[in-house]
>>> print(open('query.txt').read())   # compact mmCIF, C-alpha atoms
# COMPACT_ATOMS: atom_id res chain seq x y z
CA MET A 1 -28.40 27.50 14.36
CA LYS A 2 -24.79 28.55 13.82
CA LYS A 3 -24.08 28.17 17.54
CA LEU A 4 -25.60 24.70 17.46
CA LEU A 5 -23.43 23.73 14.49
CA TRP A 6 -20.33 25.08 16.22
CA ALA A 7 -21.25 23.12 19.35
CA ILE A 8 -21.70 19.93 17.36
CA GLY A 9 -18.41 20.53 15.54
CA GLY A 10 -16.62 21.18 18.83
CA ALA A 11 -18.03 18.02 20.36
CA ILE A 12 -16.91 15.96 17.37
CA GLY A 13 -13.45 17.52 17.54
CA LEU A 14 -13.15 16.82 21.26
CA ALA A 15 -14.28 13.24 20.75
CA GLY A 16 -11.68 12.86 18.02
CA VAL A 17 -8.92 14.12 20.29
CA ILE A 18 -10.01 11.77 23.08
CA TRP A 19 -10.13 8.82 20.69
CA PHE A 20 -6.75 9.73 19.21
CA PHE A 21 -4.92 9.95 22.49
CA GLY A 22 -6.66 6.87 23.88
CA TYR A 23 -5.64 4.92 20.81
CA ARG A 24 -2.11 6.28 20.75
CA ASP A 25 -1.54 5.34 24.37
CA THR A 26 -2.40 1.69 23.70
CA VAL A 27 0.33 1.26 21.07
CA LEU A 28 4.03 1.09 21.86
CA ALA A 29 6.20 0.32 18.85
CA PRO A 30 9.15 -1.96 19.67
CA ARG A 31 12.67 -1.20 18.51
CA PHE A 32 15.18 -4.00 18.22
CA GLU A 33 18.86 -3.57 17.43
CA ALA A 34 20.98 -5.83 15.25
CA ALA A 35 22.70 -7.23 18.36
CA ASP A 36 19.34 -8.48 19.69
CA PHE A 37 19.32 -11.17 16.99
CA ALA A 38 22.85 -12.47 17.44
CA GLY A 39 23.02 -16.25 17.44
CA MET A 40 19.40 -16.75 16.32
CA ASP A 41 18.17 -18.69 13.33
CA MET A 42 15.76 -17.02 10.96
CA PRO A 43 12.47 -18.44 12.34
CA ARG A 44 13.36 -17.43 15.89
CA ALA A 45 14.39 -13.97 14.77
CA LEU A 46 11.16 -13.47 12.86
CA LEU A 47 9.17 -14.68 15.83
CA LYS A 48 10.91 -12.11 18.01
CA VAL A 49 9.85 -9.35 15.62
CA VAL A 50 6.19 -10.38 15.38
CA GLU A 51 5.89 -11.09 19.10
CA GLY A 52 7.29 -7.64 19.86
CA THR A 53 4.79 -6.09 17.47
CA VAL A 54 1.85 -7.83 19.14
CA GLU A 55 3.16 -6.95 22.59
CA GLY A 56 3.30 -3.38 21.29
CA GLY A 57 -0.45 -3.38 20.63
CA ALA A 58 -1.29 -5.12 17.34
CA PRO A 59 -3.98 -7.82 17.60
CA GLY A 60 -1.95 -9.94 15.20
CA ALA A 61 1.18 -9.71 13.06
CA LEU A 62 3.04 -11.69 10.45
CA VAL A 63 6.39 -11.29 8.72
CA LEU A 64 7.79 -13.14 5.72
CA PHE A 65 11.51 -12.98 4.93
CA GLN A 66 12.87 -14.38 1.67
CA ARG A 67 16.40 -14.66 0.32
CA GLY A 68 16.75 -16.45 -2.98
CA GLN A 69 14.50 -19.50 -2.97
CA LEU A 70 14.48 -19.75 0.81
CA ALA A 71 11.58 -18.15 2.68
CA ALA A 72 10.50 -18.16 6.31
CA ILE A 73 7.29 -16.76 7.75
CA GLU A 74 6.08 -16.30 11.30
CA ALA A 75 2.68 -15.15 12.52
CA THR A 76 1.35 -14.57 16.02
CA GLY A 77 -1.56 -12.92 17.76
CA VAL A 78 -5.15 -13.16 16.60
CA ALA A 79 -6.94 -12.76 13.29
CA ASN A 80 -10.27 -12.21 15.04
CA LYS A 81 -10.56 -10.69 18.50
CA ALA A 82 -14.11 -11.99 18.88
CA ASP A 83 -13.27 -15.69 18.67
CA GLY A 84 -9.50 -15.68 19.23
CA ALA A 85 -8.71 -17.30 15.87
CA PRO A 86 -4.93 -17.20 15.40
CA MET A 87 -3.28 -15.03 12.76
CA PRO A 88 -2.80 -17.30 9.71
CA PRO A 89 0.45 -17.10 7.76
CA ASP A 90 -1.01 -18.01 4.36
CA HIS A 91 -4.24 -16.01 3.94
CA PRO A 92 -4.69 -13.28 1.32
CA LEU A 93 -3.90 -9.90 2.88
CA ARG A 94 -5.49 -6.53 2.24
CA VAL A 95 -2.29 -4.94 1.00
CA GLY A 96 -3.75 -1.48 0.38
CA SER A 97 -1.49 0.82 -1.60
CA ILE A 98 0.96 -1.95 -2.43
CA SER A 99 -1.69 -2.48 -5.12
CA LYS A 100 -0.22 0.57 -6.86
CA LEU A 101 2.77 -1.56 -7.86
CA TYR A 102 0.42 -3.93 -9.69
CA THR A 103 -1.29 -1.05 -11.49
CA ALA A 104 2.11 0.44 -12.33
CA ALA A 105 3.25 -2.95 -13.70
CA VAL A 106 0.23 -2.97 -16.02
CA ILE A 107 1.03 0.56 -17.22
CA HIS A 108 4.65 -0.37 -17.94
CA GLY A 109 3.48 -3.50 -19.74
CA LEU A 110 1.28 -1.37 -21.98
CA ILE A 111 4.15 1.06 -22.56
CA ALA A 112 6.38 -1.84 -23.63
CA GLU A 113 3.71 -2.73 -26.20
CA ASP A 114 3.63 0.88 -27.48
CA ARG A 115 0.03 1.44 -26.41
CA LEU A 116 1.14 4.32 -24.19
CA SER A 117 4.24 6.30 -23.29
CA LEU A 118 5.35 8.08 -20.16
CA ASP A 119 4.73 11.34 -22.00
CA THR A 120 1.19 10.47 -23.08
CA LYS A 121 -1.17 13.23 -22.02
CA ILE A 122 -4.05 11.74 -20.09
CA ALA A 123 -6.41 14.09 -21.94
CA ASP A 124 -5.60 12.09 -25.09
CA ILE A 125 -6.86 8.89 -23.45
CA LEU A 126 -9.66 9.73 -21.05
CA SER A 127 -13.12 10.94 -22.00
CA ALA A 128 -14.21 14.56 -22.00
CA ASP A 129 -16.56 13.84 -19.09
CA VAL A 130 -13.66 12.60 -16.98
CA MET A 131 -11.41 15.48 -17.96
CA GLU A 132 -13.93 18.27 -17.43
CA GLY A 133 -13.06 20.05 -14.19
CA LEU A 134 -10.04 17.82 -13.43
CA HIS A 135 -7.33 19.99 -11.93
CA ASN A 136 -4.24 20.32 -14.19
CA GLY A 137 -5.99 17.95 -16.55
CA ARG A 138 -4.58 19.25 -19.82
CA ASP A 139 -0.99 19.15 -18.56
CA ILE A 140 -0.87 15.78 -16.79
CA THR A 141 1.08 12.90 -18.31
CA VAL A 142 1.26 9.23 -17.40
CA ARG A 143 4.66 9.95 -15.82
CA HIS A 144 3.12 12.55 -13.50
CA LEU A 145 0.54 10.06 -12.23
CA LEU A 146 3.05 7.25 -11.69
CA THR A 147 5.33 9.52 -9.64
CA HIS A 148 2.66 11.42 -7.67
CA HIS A 149 3.67 14.69 -9.34
CA SER A 150 0.34 15.45 -11.01
CA GLY A 151 -1.05 17.95 -8.50
CA VAL A 152 -4.41 16.13 -8.64
CA PRO A 153 -6.00 16.30 -5.18
CA ASP A 154 -6.80 13.05 -3.41
CA TYR A 155 -10.34 11.78 -2.92
CA TYR A 156 -10.05 11.65 0.88
CA ASP A 157 -11.71 14.83 2.02
CA ALA A 158 -13.59 15.08 5.32
CA ARG A 159 -17.05 14.81 3.76
CA HIS A 160 -16.25 11.69 1.76
CA TYR A 161 -14.32 10.09 4.59
CA LEU A 162 -16.97 10.64 7.26
CA PHE A 163 -20.12 10.15 5.21
CA GLY A 164 -19.11 7.84 2.37
CA ASP A 165 -20.41 4.28 2.19
CA TRP A 166 -17.32 2.25 3.04
CA LYS A 167 -19.10 -1.08 3.49
CA ASN A 168 -21.19 -1.57 0.37
CA GLU A 169 -19.61 0.49 -2.40
CA PRO A 170 -16.18 -0.19 -3.90
CA LEU A 171 -13.96 2.73 -4.85
CA THR A 172 -14.64 3.49 -8.50
CA LEU A 173 -13.70 6.36 -10.78
CA GLU A 174 -17.33 7.46 -10.83
CA ARG A 175 -17.46 7.57 -7.04
CA VAL A 176 -14.22 9.39 -6.29
CA LEU A 177 -13.75 11.70 -9.28
CA PRO A 178 -16.27 14.31 -8.04
CA VAL A 179 -14.49 14.36 -4.66
CA SER A 180 -11.15 15.09 -6.28
CA LYS A 181 -12.61 17.74 -8.57
CA ARG A 182 -14.04 19.70 -5.64
CA GLY A 183 -10.63 19.78 -3.93
CA LYS A 184 -7.75 22.15 -4.54
CA PRO A 185 -4.76 21.17 -6.67
CA THR A 186 -1.61 20.43 -4.69
CA GLY A 187 0.60 22.13 -7.27
CA ALA A 188 1.17 22.38 -10.99
CA ALA A 189 1.69 19.19 -12.97
CA GLY A 190 5.30 18.09 -12.51
CA GLU A 191 6.00 20.62 -9.79
CA ARG A 192 6.43 18.46 -6.71
CA PHE A 193 5.63 15.17 -5.01
CA GLU A 194 2.25 14.95 -3.34
CA TYR A 195 0.90 11.47 -2.71
CA SER A 196 -2.40 10.96 -4.51
CA ASN A 197 -4.53 7.84 -4.53
CA MET A 198 -6.61 9.60 -7.16
CA GLY A 199 -3.68 9.48 -9.56
CA TYR A 200 -3.73 5.69 -9.53
CA ILE A 201 -7.50 5.57 -9.97
CA LEU A 202 -6.88 7.57 -13.14
CA LEU A 203 -4.07 5.20 -14.19
CA GLY A 204 -6.48 2.30 -13.89
CA ALA A 205 -8.92 4.07 -16.19
CA ILE A 206 -6.10 4.88 -18.62
CA ALA A 207 -5.00 1.23 -18.72
CA GLU A 208 -8.54 0.12 -19.47
CA GLU A 209 -9.06 2.74 -22.18
CA ALA A 210 -5.73 2.00 -23.84
CA SER A 211 -6.25 -1.77 -23.85
CA GLY A 212 -10.00 -2.24 -24.05
CA GLU A 213 -9.75 -4.65 -21.11
CA ARG A 214 -10.68 -4.47 -17.44
CA LEU A 215 -7.86 -3.86 -14.98
CA GLY A 216 -8.36 -7.22 -13.29
CA ALA A 217 -7.75 -9.00 -16.59
CA LEU A 218 -4.68 -6.85 -17.23
CA ILE A 219 -3.22 -7.69 -13.82
CA GLU A 220 -3.71 -11.35 -14.67
CA ARG A 221 -2.03 -10.91 -18.05
CA TYR A 222 1.00 -8.99 -16.87
CA VAL A 223 1.47 -10.24 -13.30
CA THR A 224 -0.48 -13.11 -11.82
CA GLY A 225 -0.58 -15.25 -14.96
CA PRO A 226 3.14 -15.17 -15.82
CA LEU A 227 4.08 -15.68 -12.16
CA ALA A 228 1.38 -18.31 -11.45
CA LEU A 229 0.17 -16.40 -8.38
CA ARG A 230 -2.84 -18.35 -7.10
CA GLN A 231 -3.50 -16.33 -3.95
CA THR A 232 -3.79 -12.92 -5.57
CA SER A 233 -7.09 -11.29 -6.52
CA TYR A 234 -8.35 -7.88 -7.58
CA ASN A 235 -11.50 -6.16 -6.32
CA VAL A 236 -12.81 -9.18 -4.41
CA LYS A 237 -14.18 -8.17 -1.03
CA HIS A 238 -13.77 -11.52 0.75
CA PRO A 239 -11.81 -14.00 -1.39
CA VAL A 240 -11.62 -16.47 1.52
CA THR A 241 -13.62 -16.89 4.70
CA PRO A 242 -12.98 -16.99 7.54
CA SER A 243 -10.25 -14.40 7.04
CA ILE A 244 -8.31 -11.80 8.95
CA HIS A 245 -10.33 -9.14 10.75
CA GLY A 246 -8.87 -5.65 10.93
CA TYR A 247 -9.38 -3.02 13.58
CA GLY A 248 -9.55 0.74 13.43
CA THR A 249 -10.82 3.81 11.63
CA TYR A 250 -9.97 7.39 12.58
CA LEU A 251 -12.99 8.00 14.78
CA ARG A 252 -13.39 4.38 15.91
CA PRO A 253 -9.86 3.19 16.66
CA TRP A 254 -10.66 -0.44 17.48
CA ALA A 255 -13.80 -1.03 15.41
CA ASP A 256 -13.87 -4.31 13.44
CA THR A 257 -13.39 -3.33 9.78
CA TRP A 258 -13.62 -6.77 8.15
CA ASN A 259 -16.80 -5.78 6.32
CA HIS A 260 -15.41 -2.48 5.01
CA TRP A 261 -14.50 -2.28 1.33
CA GLU A 262 -11.83 0.37 1.17
CA HIS A 263 -9.61 -2.33 -0.37
CA SER A 264 -10.89 -1.70 -3.89
CA GLY A 265 -9.88 0.17 -7.01
CA PRO A 266 -6.56 0.51 -8.88
CA ASP A 267 -4.92 2.14 -5.86
CA ALA A 268 -5.80 -0.46 -3.21
CA GLY A 269 -7.83 -3.33 -4.68
CA VAL A 270 -5.33 -6.20 -4.61
CA MET A 271 -5.47 -8.94 -2.00
CA ALA A 272 -2.54 -11.35 -1.93
CA SER A 273 -0.80 -13.73 0.42
CA ALA A 274 2.57 -12.71 1.78
CA PHE A 275 4.16 -15.41 -0.38
CA ASP A 276 2.53 -14.01 -3.53
CA VAL A 277 3.58 -10.46 -2.70
CA ALA A 278 7.16 -11.62 -2.15
CA ALA A 279 7.14 -13.52 -5.46
CA PHE A 280 5.91 -10.37 -7.24
CA LEU A 281 8.66 -8.20 -5.72
CA ALA A 282 11.33 -10.79 -6.49
CA ALA A 283 10.19 -10.97 -10.10
CA LEU A 284 10.42 -7.18 -10.41
CA PHE A 285 13.48 -6.16 -8.45
CA LEU A 286 15.84 -9.06 -7.78
CA GLU A 287 18.43 -10.27 -10.26
CA ASP A 288 17.08 -12.33 -13.17
CA GLY A 289 13.46 -11.83 -12.05
CA GLU A 290 10.78 -12.84 -14.55
CA LEU A 291 9.43 -9.28 -14.63
CA ALA A 292 12.83 -7.58 -14.48
CA HIS A 293 12.08 -5.59 -17.65
CA ILE A 294 9.12 -4.01 -15.85
CA GLY A 295 11.08 -3.54 -12.64
CA GLU A 296 13.85 -1.78 -14.55
CA ALA A 297 11.29 0.50 -16.20
CA MET A 298 9.85 1.32 -12.78
CA LEU A 299 13.30 2.40 -11.59
CA ALA A 300 14.42 4.18 -14.75
CA GLU A 301 13.65 7.53 -13.16
CA GLU A 302 13.79 8.66 -9.53
CA LEU A 303 12.26 11.88 -8.26
CA ALA A 304 11.89 13.51 -4.87
CA GLY A 305 9.63 11.64 -2.51
CA ALA A 306 7.77 12.40 0.68
CA SER A 307 10.92 12.98 2.75
CA ASP A 308 14.69 13.35 2.51
CA ASN A 309 15.19 9.59 2.85
CA GLN A 310 12.58 8.64 0.27
CA ARG A 311 12.75 8.71 -3.51
CA GLN A 312 9.88 8.07 -5.88
CA GLY A 313 10.25 5.81 -8.88
CA LEU A 314 7.80 5.27 -11.71
CA GLY A 315 5.60 3.29 -9.34
CA PRO A 316 7.64 2.14 -6.33
CA HIS A 317 8.91 4.06 -3.34
CA ILE A 318 12.65 3.84 -2.62
CA LEU A 319 13.51 4.20 1.06
CA ILE A 320 17.13 4.98 1.90
CA GLY A 321 18.19 3.39 5.19
CA SER A 322 20.73 4.82 7.61
CA ASP A 323 23.28 2.38 6.16
CA GLY A 324 22.61 3.62 2.64
CA LEU A 325 20.67 0.54 1.55
CA GLY A 326 17.80 1.13 -0.86
CA LEU A 327 14.49 -0.53 0.03
CA ILE A 328 12.30 -0.76 -3.07
CA GLY A 329 8.59 -1.40 -2.75
CA HIS A 330 5.58 0.13 -1.07
CA SER A 331 3.53 0.20 2.08
CA GLY A 332 -0.23 0.10 2.26
CA ASP A 333 -3.08 0.62 4.64
CA VAL A 334 -6.83 0.37 4.47
CA PHE A 335 -9.23 0.57 7.40
CA GLY A 336 -7.85 -1.77 10.05
CA TYR A 337 -4.96 -3.26 8.08
CA GLN A 338 -1.38 -2.19 7.37
CA THR A 339 1.20 -3.93 5.20
CA VAL A 340 4.81 -3.25 4.23
CA ALA A 341 6.59 -4.96 1.33
CA PHE A 342 10.13 -4.19 0.18
CA ALA A 343 12.94 -5.71 -1.82
CA VAL A 344 16.57 -4.97 -0.92
CA PRO A 345 18.51 -5.91 -4.07
CA GLU A 346 21.90 -5.03 -2.60
CA ARG A 347 21.38 -7.70 0.05
CA ASP A 348 19.25 -10.03 -2.12
CA TYR A 349 16.28 -10.23 0.21
CA ILE A 350 12.60 -9.38 0.42
CA PHE A 351 10.27 -8.91 3.35
CA VAL A 352 6.54 -8.58 3.77
CA GLY A 353 4.99 -7.53 7.08
CA HIS A 354 1.31 -7.23 8.02
CA ILE A 355 -0.66 -6.12 11.06
CA ASN A 356 -4.42 -6.07 11.50
CA CYS A 357 -4.85 -2.66 13.05
CA ASP A 358 -4.63 0.98 12.00
CA CYS A 359 -1.31 1.38 13.80
CA ASP A 360 1.17 3.52 11.86
CA ALA A 361 3.83 3.35 14.55
CA LEU A 362 3.77 -0.44 14.58
CA SER A 363 3.92 -0.90 10.81
CA GLY A 364 6.71 1.66 10.63
CA SER A 365 8.68 -0.15 13.29
CA LEU A 366 8.37 -3.41 11.35
CA ILE A 367 10.48 -1.99 8.54
CA GLY A 368 13.33 -0.89 10.77
CA ASN A 369 13.25 -4.02 12.91
CA ILE A 370 13.37 -6.35 9.90
CA VAL A 371 16.30 -4.46 8.34
CA ARG A 372 18.20 -4.54 11.64
CA MET A 373 17.28 -8.21 12.08
CA GLU A 374 18.87 -9.05 8.72
CA ALA A 375 21.96 -7.06 9.65
CA GLY A 376 22.24 -8.91 12.94
CA LEU A 377 21.84 -12.33 11.38
CA SER A 378 24.41 -11.43 8.72
CA GLY A 379 26.90 -10.23 11.33
CA ARG A 380 26.94 -6.63 10.03
>>> encode(input="query.txt", output="structure tokens")
Amino acid sequence: MKKLLWAIGGAIGLAGVIWFFGYRDTVLAPRFEAADFAGMDMPRALLKVVEGTVEGGAPGALVLFQRGQLAAIEATGVANKADGAPMPPDHPLRVGSISKLYTAAVIHGLIAEDRLSLDTKIADILSADVMEGLHNGRDITVRHLLTHHSGVPDYYDARHYLFGDWKNEPLTLERVLPVSKRGKPTGAAGERFEYSNMGYILLGAIAEEASGERLGALIERYVTGPLALRQTSYNVKHPVTPSIHGYGTYLRPWADTWNHWEHSGPDAGVMASAFDVAAFLAALFLEDGELAHIGEAMLAEELAGASDNQRQGLGPHILIGSDGLGLIGHSGDVFGYQTVAFAVPERDYIFVGHINCDCDALSGSLIGNIVRMEAGLSGR
């Protein structure tokens, strides 16, 4: 029996390697330099970026660029490989972990109303059933969760990933908490940065316990209502149809993932159009934004991030470019979809990029290409 299990495991591993390399070889991330955009207007420059991304392997891509009240958006490629429907520029996007900014905004709103503090121990808010067996549970504060310094293990272990129901069940605290509890802590509370989706699931529960309201209603109160965002929803599987189809999971690189429901929960459950995401970032991080008090709270502390060129705020990531510019925002991915959304206050602009495939290299290249595009158009 053991030999059979080893054989099955080896076959699965070999299949994974074959899939990985086959997938990798079909994606070639473009790199543009600032000089490549000389003499272009904004729409043509954006089109160059999205066309290069699709030529690099994405089924479809879109990019929105906004400075002040002026915004331009370009989309190309397909939203559905089966029928060739074009990538729409105005549909709600599965923004994945960009949703964490919305959950963080709710937390900071509650802090401003003295319902919580950054130093609140989560054990003082959450039930005994939730806390029992939670790694570092008695030491974790709201601050630790916001900054990914809690040491709480994520809920993506191999068993859950491979055998979980990703099509019919949303990600809830009840579903993912047992997965996290069976994992190993990534460090002591406050010790170091270790990205944890589980931390934001817990923040969603904390927000609901502290307020007596559901997270969706809180997002409406603190974000979508004040900003009149009409193309933003929380925990809705298909807010519009037809909509963008995504492609790719780890063992099925080009599988259609439209019917998956990984885009759920406080860590990934927001869907929003590129215009709505840009309006949210502008309200938080650009001068005189309507939610500037929350944006300032998010940036009141910066800790070590995932790499030398990344810092972690009380919610947002801060990427430090080669020119020293700080990009404030988040990226996000769920099965088949990847999105990047950043504000650059020093240059007074925002960008949102989206591709409908599980293509890390392509979404990563979007960030660099857009920053270099802006530099080229500005003559820097």
>>> residues_around(input="query.txt", residues="Asp165 in chain A", least_positions_apart="2", cutoff="12 Å", atoms="all atoms listed in the file", output="list in words")
Arg159, His160, Tyr161, Leu162, Phe163, Lys167, Asn168, Glu169, Pro170, Leu171, Arg175, Val176, Asn259, His260, Trp261 and Glu262 of chain A
>>> closest_atom_pairs(input="query.txt", of="range 230-341 of chain A", to="range 106-119 of chain A", cutoff="10 Å", atoms="all atoms listed in the file", output="tab-separated table")
residue	atom	partner	partner_atom	distance
A:Leu291	CA	A:Gly109	CA	9.7
A:His293	CA	A:Ala112	CA	9.1
A:Ile294	CA	A:His108	CA	6.1
A:Gly295	CA	A:His108	CA	8.9
A:Glu296	CA	A:His108	CA	9.9
A:Ala297	CA	A:His108	CA	6.9
A:Met298	CA	A:His108	CA	7.5
A:Leu314	CA	A:His108	CA	9.0
A:Gly315	CA	A:His108	CA	9.4
>>> closest_residue(input="query.txt", among="A:Phe335, A:Phe285, A:Phe193, A:Tyr250", to="Leu299 in chain A", atoms="all atoms listed in the file")
A:Phe285
>>> residues_around(input="query.txt", residues="Gly376 in chain A", least_positions_apart="2", cutoff="7 Å", atoms="all atoms listed in the file", output="VMD selection string")
chain A and resid 34 to 35 37 to 38 372 to 374 378 to 380
>>> closest_residue(input="query.txt", among="A:Gln312, A:Thr257, A:Ser363, A:Ser307", to="Arg143 in chain A", atoms="all atoms listed in the file")
A:Gln312
>>> closest_residue(input="query.txt", among="A:Ala306, A:Val179, A:Ala282, A:Cys357", to="Thr249 in chain A", atoms="all atoms listed in the file")
A:Cys357
>>> closest_residue(input="query.txt", among="A:Leu173, A:Thr186, A:Asp124, A:Asp139", to="Pro153 in chain A", atoms="only C-alpha atoms")
A:Thr186
>>> residues_around(input="query.txt", residues="Gly57 in chain A", least_positions_apart="2", cutoff="7 Å", atoms="all atoms listed in the file", output="list of chain:residue names")
A:Thr26, A:Val27, A:Leu28, A:Thr53, A:Val54, A:Glu55, A:Pro59
>>> residues_around(input="query.txt", residues="range 266-279 of chain A", least_positions_apart="5", cutoff="7 Å", atoms="all atoms listed in the file", output="tab-separated table (two decimals) with C-alpha atoms, in the coordinates of the input")
chain	number	residue	atom	x	y	z
A	64	LEU	CA	7.79	-13.14	5.72
A	90	ASP	CA	-1.01	-18.01	4.36
A	91	HIS	CA	-4.24	-16.01	3.94
A	92	PRO	CA	-4.69	-13.28	1.32
A	93	LEU	CA	-3.90	-9.90	2.88
A	94	ARG	CA	-5.49	-6.53	2.24
A	95	VAL	CA	-2.29	-4.94	1.00
A	96	GLY	CA	-3.75	-1.48	0.38
A	97	SER	CA	-1.49	0.82	-1.60
A	98	ILE	CA	0.96	-1.95	-2.43
A	99	SER	CA	-1.69	-2.48	-5.12
A	100	LYS	CA	-0.22	0.57	-6.86
A	103	THR	CA	-1.29	-1.05	-11.49
A	197	ASN	CA	-4.53	7.84	-4.53
A	200	TYR	CA	-3.73	5.69	-9.53
A	201	ILE	CA	-7.50	5.57	-9.97
A	204	GLY	CA	-6.48	2.30	-13.89
A	229	LEU	CA	0.17	-16.40	-8.38
A	231	GLN	CA	-3.50	-16.33	-3.95
A	232	THR	CA	-3.79	-12.92	-5.57
A	233	SER	CA	-7.09	-11.29	-6.52
A	234	TYR	CA	-8.35	-7.88	-7.58
A	235	ASN	CA	-11.50	-6.16	-6.32
A	350	ILE	CA	12.60	-9.38	0.42
A	351	PHE	CA	10.27	-8.91	3.35
A	352	VAL	CA	6.54	-8.58	3.77
>>> closest_residue(input="query.txt", among="A:His238, A:His245, A:Arg192, A:Lys184", to="Gly77 in chain A", atoms="only C-alpha atoms")
A:His245
>>> atom_distance(input="query.txt", atom1="CA of Pro345 in chain A", atom2="CA of His317 in chain A")
13.9 Å
>>> closest_residue(input="query.txt", among="A:Lys48, A:Ala361, A:Ile367, A:Lys181", to="Glu132 in chain A", atoms="all atoms listed in the file")
A:Lys181
>>> atom_distance(input="query.txt", atom1="CA of Arg138 in chain A", atom2="CA of Tyr156 in chain A")
22.7 Å
>>> atom_distance(input="query.txt", atom1="CA of Ile328 in chain A", atom2="CA of Asp358 in chain A")
22.7 Å
>>> residues_near_point(input="query.txt", point="(-4.8, 11.5, -10.1)", cutoff="6 Å", atoms="all atoms listed in the file", output="CSV table (one decimal) with C-alpha atoms, keeping the file's coordinate frame")
chain,number,residue,atom,x,y,z
A,145,LEU,CA,0.5,10.1,-12.2
A,152,VAL,CA,-4.4,16.1,-8.6
A,198,MET,CA,-6.6,9.6,-7.2
A,199,GLY,CA,-3.7,9.5,-9.6
A,200,TYR,CA,-3.7,5.7,-9.5
A,202,LEU,CA,-6.9,7.6,-13.1
>>> residues_around(input="query.txt", residues="Ala75 in chain A", least_positions_apart="4", cutoff="7 Å", atoms="all atoms listed in the file", output="VMD selection string")
chain A and resid 50 61 to 63 87 to 89
>>> residues_near_point(input="query.txt", point="(3.4, 0.1, 3.1)", cutoff="9 Å", atoms="all atoms listed in the file", output="number ranges by chain")
A: 95-98, 329-333, 338-342, 353, 363-364
